[in-house]
Amino acid sequence: MTLKHILLGAALALTSLSVSAQENIITVNAKKPGAVIQPTMYGIFFEDINYAADGGLYAELLKNRSFEFPNPFTGWDISGKVILKDDGPFNRNPHYVRLAPSGHRDKHTMIENHGFFGIGVKAGEEYRFSVWARVPDGGQAKLWIDLVDNATMDEDQKLGNVGLDISGKEWKKYTAIIKPKRTFAKAHLRVWGDSKTTTDLEHVSLFPVKTYKGHENGLRLDVAQTLEDLHPGVFRFPGGCIVEGTDLETRYQWKNSVGPVENRPLNENRWHYTFTQRYFPDYFQSYGLGFFEYFQLSEEIGAEPLPVLNVGMACQFQNGNDAHAPATKEGLQQFIDDCIDLIDFANGDPATNQWAKLRAEMGHPAPFNLKFLAIGNEQWEKPYFERLAIIAPEVRKVHPEIKLIGTSGPNAEDDYFKHGWPAMRELKCDLVDEHYYRDIQWYKNWMNRYDDRTFYTKDGPRVFAGEWACHDRGKKYNHAGASIYEAAFMTGIERNADLVHMATYAPLFSHVEGWQWRPDLIWYDNMSTARTASYYVQQLYMLNRGTNVLPTTVSLNGGTPSVNPVEKGQDGVFASAVMDKEKNEIIVKVINTLGKASTVRIDITGLKLKTFPTTAEVITLDCSAYDAENEPGKPEVISPKNSATALSANKGTLSLSANVPAKNFQVFKVKL
Ligand code: AHR
């Protein structure tokens, strides 16, 4: 063999060494399960933004059903003789309409509701029309209710109709079922008087009979199903900025959102005017979806309820400091009462507490088992700290069992944030709510955010990442390519489960015709829903939460194994692992954010088993088509796919090799 051959052989050996050195070796130590992963770890945040409540999750199909909008006929067309009256049977919604004979045979009296971007109806399904009505002059009257398609070329616009007999001078609730013969996303609802008699109508309503869990004042089945399918651990509601209100008058007031639905007063929704380039003058809050319904939904989807209440402050973004309630106990008494009464509404004994009694009257005598309460959203500095310092101790005096959550403001790295955390620590908050809607570069820079235990201390409040999402610009729904960074970031949340106890992506919902803010987790039109790539990222974490963190190191490209493998700014391969003690499973999450495939070897060490499993389940979410989007009504283009891979065992170590494609999120599940 010549020297040339020897050198060539050595060069080849070096090349093959450097090829194998490209492997990412992920070592999971199964011997010592670490921090407990809270059942609340991955959850959802609901705010009435983007037509998330009225026109979205709340199944009511008619807008302005009580004629209480500033323009009482917003959402309605009227013809014939329609008179607005204001001495109706519900004191907090006093308006109603009088349908009177017009005096001419052909001038029919009629009101027509446009719904929310139309009314979506499905052929053969049942829709429950209801109305409070009376015949003010006594006797009998007939109403005709039509679901119509105004744009049809058919002879008859009706998709379905039903008649209703009204009798007597007393206000009564009437109901009738309509079954449309055709599916249509943009129907209107007409209510005709009989042209002979005067009839008064209040709280005109239309719901699908099939709602989530069948509740009459219920939720849209397909939309609520997306939440159930996520399996969230915690449910934060009702905001967000709407908790603060533009001013204190328009803040979300939970007490107005409970009790008979007909008498819940209308509230302004700040998202109707917040962005002048996306203006929705017909966007209000009916409170039909109120605190009882939020608690009920939390229970039904198996999530801990986490209400947010106002701290006596209007939105600081939009107001000077004089827009707030005085920072004294007297000035804040109403806000203190709101907190204490809410806990009683959720958990109290109906025999001894008026708010608990109301809960029982609304159909839920058993407590909702509330454990958390957030006070304030995105507030900052002294005006917030001094108000929370008054409210929190008063709440604790009566309800020491409730965990209180403070906020560190709207940003996750500025001075408000840096001042907020020590203040929340001093006020002994159990958790601090931090928010970060940021771009990809920010996420790359902050992948190790929760590894930093100089800022986040060992003891003291735990982290609640209450609103966060990786943003990019200029597309309709969201970007699969941005979602991969959300998946990568969540390895840092999971790895630091001793510190982070909750994380909720935001916003949750958006109507394709009514959005103010994007990206969002779930989109819908009047007929169907779309689950985004981010939805599937969240779902993969929720379904594979585990019970304990497993110490994991990654040796990137043959480098030194590290617990925190990711250097600030590095765009690479991310991993975390958990043990699920209940299911006896080890779950390893691997995210390749690179633009090329990565070879990965996973070694699970420290196992003492009689027989070693030979295969692992693999779930893959491919986010490589950067702009891939699932759209309502169209086949999904991005969703998790299942497969299996071989495992090899050697002296208590289980190993698998994988080629993780570019921009892919893979979950490896090993059943022990
Ligand atoms: O999620 C939209 C808004 O973002 C929330 O209302 C607010 O808390 C944050 O600024």
# chains A, B, ... in the order shown; residues from 1 in each chain; ligands from 1
call {"tool": "select_by_dssp", "arguments": {"residues": "segment 210-397 of chain A", "states": "alpha helix (DSSP H)", "output": "number ranges by chain"}}
result
A: 221-230, 241-244, 291-301, 329-347, 354-361, 381-397
call {"tool": "residues_around", "arguments": {"residues": "Pro33 of chain A", "least_positions_apart": "6", "cutoff": "10 Å", "atoms": "only C-alpha atoms", "output": "count of residues only"}}
result
10
call {"tool": "atom_distance", "arguments": {"atom1": "atom CA of Ala628 of chain A", "atom2": "atom CA of Tyr477 of chain A"}}
result
9.4 Å
call {"tool": "residues_near_ligand", "arguments": {"ligand": "ligand 1", "cutoff": "8 Å", "atoms": "only C-alpha atoms and all ligand atoms", "output": "PDB file with N, CA and C atoms, in the first residue's frame"}}
result
ATOM      1  N   GLU A  47     -60.819  34.855  24.691  1.00  0.00           N
ATOM      2  CA  GLU A  47     -61.263  36.256  24.786  1.00  0.00           C
ATOM      3  C   GLU A  47     -62.235  36.511  23.659  1.00  0.00           C
ATOM      4  N   ILE A  49     -62.637  38.266  21.097  1.00  0.00           N
ATOM      5  CA  ILE A  49     -61.991  39.044  20.045  1.00  0.00           C
ATOM      6  C   ILE A  49     -62.208  38.227  18.783  1.00  0.00           C
ATOM      7  N   GLY A 239     -60.750  37.422  29.119  1.00  0.00           N
ATOM      8  CA  GLY A 239     -59.785  38.274  28.424  1.00  0.00           C
ATOM      9  C   GLY A 239     -58.604  38.460  29.342  1.00  0.00           C
ATOM     10  N   GLY A 240     -57.599  39.127  28.871  1.00  0.00           N
ATOM     11  CA  GLY A 240     -57.479  40.019  27.767  1.00  0.00           C
ATOM     12  C   GLY A 240     -57.991  41.422  28.095  1.00  0.00           C
ATOM     13  N   CYS A 241     -57.762  42.230  27.083  1.00  0.00           N
ATOM     14  CA  CYS A 241     -58.099  43.646  27.200  1.00  0.00           C
ATOM     15  C   CYS A 241     -59.564  43.885  27.553  1.00  0.00           C
ATOM     16  N   ILE A 242     -60.470  42.980  27.160  1.00  0.00           N
ATOM     17  CA  ILE A 242     -61.868  43.291  27.444  1.00  0.00           C
ATOM     18  C   ILE A 242     -62.177  43.214  28.943  1.00  0.00           C
ATOM     19  N   ASN A 377     -55.103  42.344  33.984  1.00  0.00           N
ATOM     20  CA  ASN A 377     -54.512  41.840  32.742  1.00  0.00           C
ATOM     21  C   ASN A 377     -53.583  42.907  32.192  1.00  0.00           C
ATOM     22  N   GLU A 378     -52.356  42.557  31.930  1.00  0.00           N
ATOM     23  CA  GLU A 378     -51.393  43.481  31.298  1.00  0.00           C
ATOM     24  C   GLU A 378     -51.361  44.843  31.977  1.00  0.00           C
ATOM     25  N   PRO A 410     -47.631  43.818  29.508  1.00  0.00           N
ATOM     26  CA  PRO A 410     -47.885  43.324  28.158  1.00  0.00           C
ATOM     27  C   PRO A 410     -46.649  42.753  27.450  1.00  0.00           C
ATOM     28  N   HIS A 435     -46.777  37.767  28.916  1.00  0.00           N
ATOM     29  CA  HIS A 435     -47.280  37.705  27.535  1.00  0.00           C
ATOM     30  C   HIS A 435     -46.168  37.964  26.528  1.00  0.00           C
ATOM     31  N   TYR A 437     -46.281  38.002  22.332  1.00  0.00           N
ATOM     32  CA  TYR A 437     -46.583  37.846  20.909  1.00  0.00           C
ATOM     33  C   TYR A 437     -45.349  38.374  20.196  1.00  0.00           C
ATOM     34  N   GLU A 467     -50.420  34.539  27.441  1.00  0.00           N
ATOM     35  CA  GLU A 467     -50.736  34.875  26.046  1.00  0.00           C
ATOM     36  C   GLU A 467     -49.433  34.854  25.285  1.00  0.00           C
ATOM     37  N   ALA A 506     -52.404  32.261  22.345  1.00  0.00           N
ATOM     38  CA  ALA A 506     -53.491  33.232  22.142  1.00  0.00           C
ATOM     39  C   ALA A 506     -53.338  33.963  20.810  1.00  0.00           C
ATOM     40  N   PRO A 507     -54.477  34.542  20.298  1.00  0.00           N
ATOM     41  CA  PRO A 507     -55.841  34.252  20.694  1.00  0.00           C
ATOM     42  C   PRO A 507     -56.297  32.868  20.220  1.00  0.00           C
ATOM     43  N   TRP A 517     -57.331  40.268  14.775  1.00  0.00           N
ATOM     44  CA  TRP A 517     -55.995  39.906  15.267  1.00  0.00           C
ATOM     45  C   TRP A 517     -55.656  38.524  14.721  1.00  0.00           C
TER      46      TRP A 517
END
call {"tool": "residues_around", "arguments": {"residues": "Asp54 of chain A", "least_positions_apart": "3", "cutoff": "9 Å", "atoms": "only C-alpha atoms", "output": "list in words"}}
result
Asp48, Tyr51, Leu57, Tyr58, Ala59, Glu60, Leu61, Leu62, Lys63, Phe116, Tyr283, Phe284, Gln285, Ser286, Tyr287, Gly288 and Leu289 of chain A
call {"tool": "write_last_selection", "arguments": {"atoms": "N, CA and C atoms", "output": "CSV table (one decimal), in the first residue's frame"}}
result
chain,number,residue,atom,x,y,z
A,48,ASP,N,-63.2,37.4,23.9
A,48,ASP,CA,-64.2,37.7,22.9
A,48,ASP,C,-63.5,38.8,21.9
A,51,TYR,N,-64.8,37.9,16.9
A,51,TYR,CA,-66.1,37.3,17.0
A,51,TYR,C,-66.0,35.9,17.5
A,57,LEU,N,-68.2,30.9,19.2
A,57,LEU,CA,-68.4,29.8,20.1
A,57,LEU,C,-69.9,29.8,20.6
A,58,TYR,N,-70.4,30.9,20.9
A,58,TYR,CA,-71.8,31.0,21.4
A,58,TYR,C,-72.7,30.7,20.2
A,59,ALA,N,-73.6,29.8,20.4
A,59,ALA,CA,-74.4,29.3,19.2
A,59,ALA,C,-75.6,30.1,18.8
A,60,GLU,N,-75.9,31.2,19.5
A,60,GLU,CA,-76.9,32.1,19.1
A,60,GLU,C,-76.7,32.6,17.6
A,61,LEU,N,-77.7,32.5,16.8
A,61,LEU,CA,-77.5,32.8,15.4
A,61,LEU,C,-78.0,34.2,15.0
A,62,LEU,N,-78.7,34.9,15.9
A,62,LEU,CA,-79.2,36.2,15.6
A,62,LEU,C,-78.4,37.3,16.4
A,63,LYS,N,-78.1,38.4,15.7
A,63,LYS,CA,-77.4,39.5,16.3
A,63,LYS,C,-78.4,40.6,16.8
A,116,PHE,N,-74.8,36.8,12.0
A,116,PHE,CA,-73.4,37.2,12.0
A,116,PHE,C,-72.8,36.8,10.7
A,283,TYR,N,-70.0,45.0,16.5
A,283,TYR,CA,-69.4,44.0,17.4
A,283,TYR,C,-69.6,44.4,18.9
A,284,PHE,N,-70.6,43.7,19.5
A,284,PHE,CA,-70.9,44.0,20.9
A,284,PHE,C,-70.8,42.7,21.7
A,285,GLN,N,-71.0,42.7,23.0
A,285,GLN,CA,-71.0,41.5,23.8
A,285,GLN,C,-72.4,41.4,24.4
A,286,SER,N,-73.1,40.3,24.0
A,286,SER,CA,-74.5,40.1,24.5
A,286,SER,C,-74.4,39.5,25.9
A,287,TYR,N,-73.2,38.9,26.3
A,287,TYR,CA,-73.1,38.2,27.6
A,287,TYR,C,-73.9,36.9,27.6
A,288,GLY,N,-74.4,36.5,26.4
A,288,GLY,CA,-75.1,35.2,26.4
A,288,GLY,C,-74.2,34.1,26.8
A,289,LEU,N,-73.0,34.2,26.4
A,289,LEU,CA,-71.9,33.4,26.8
A,289,LEU,C,-71.3,34.1,28.0
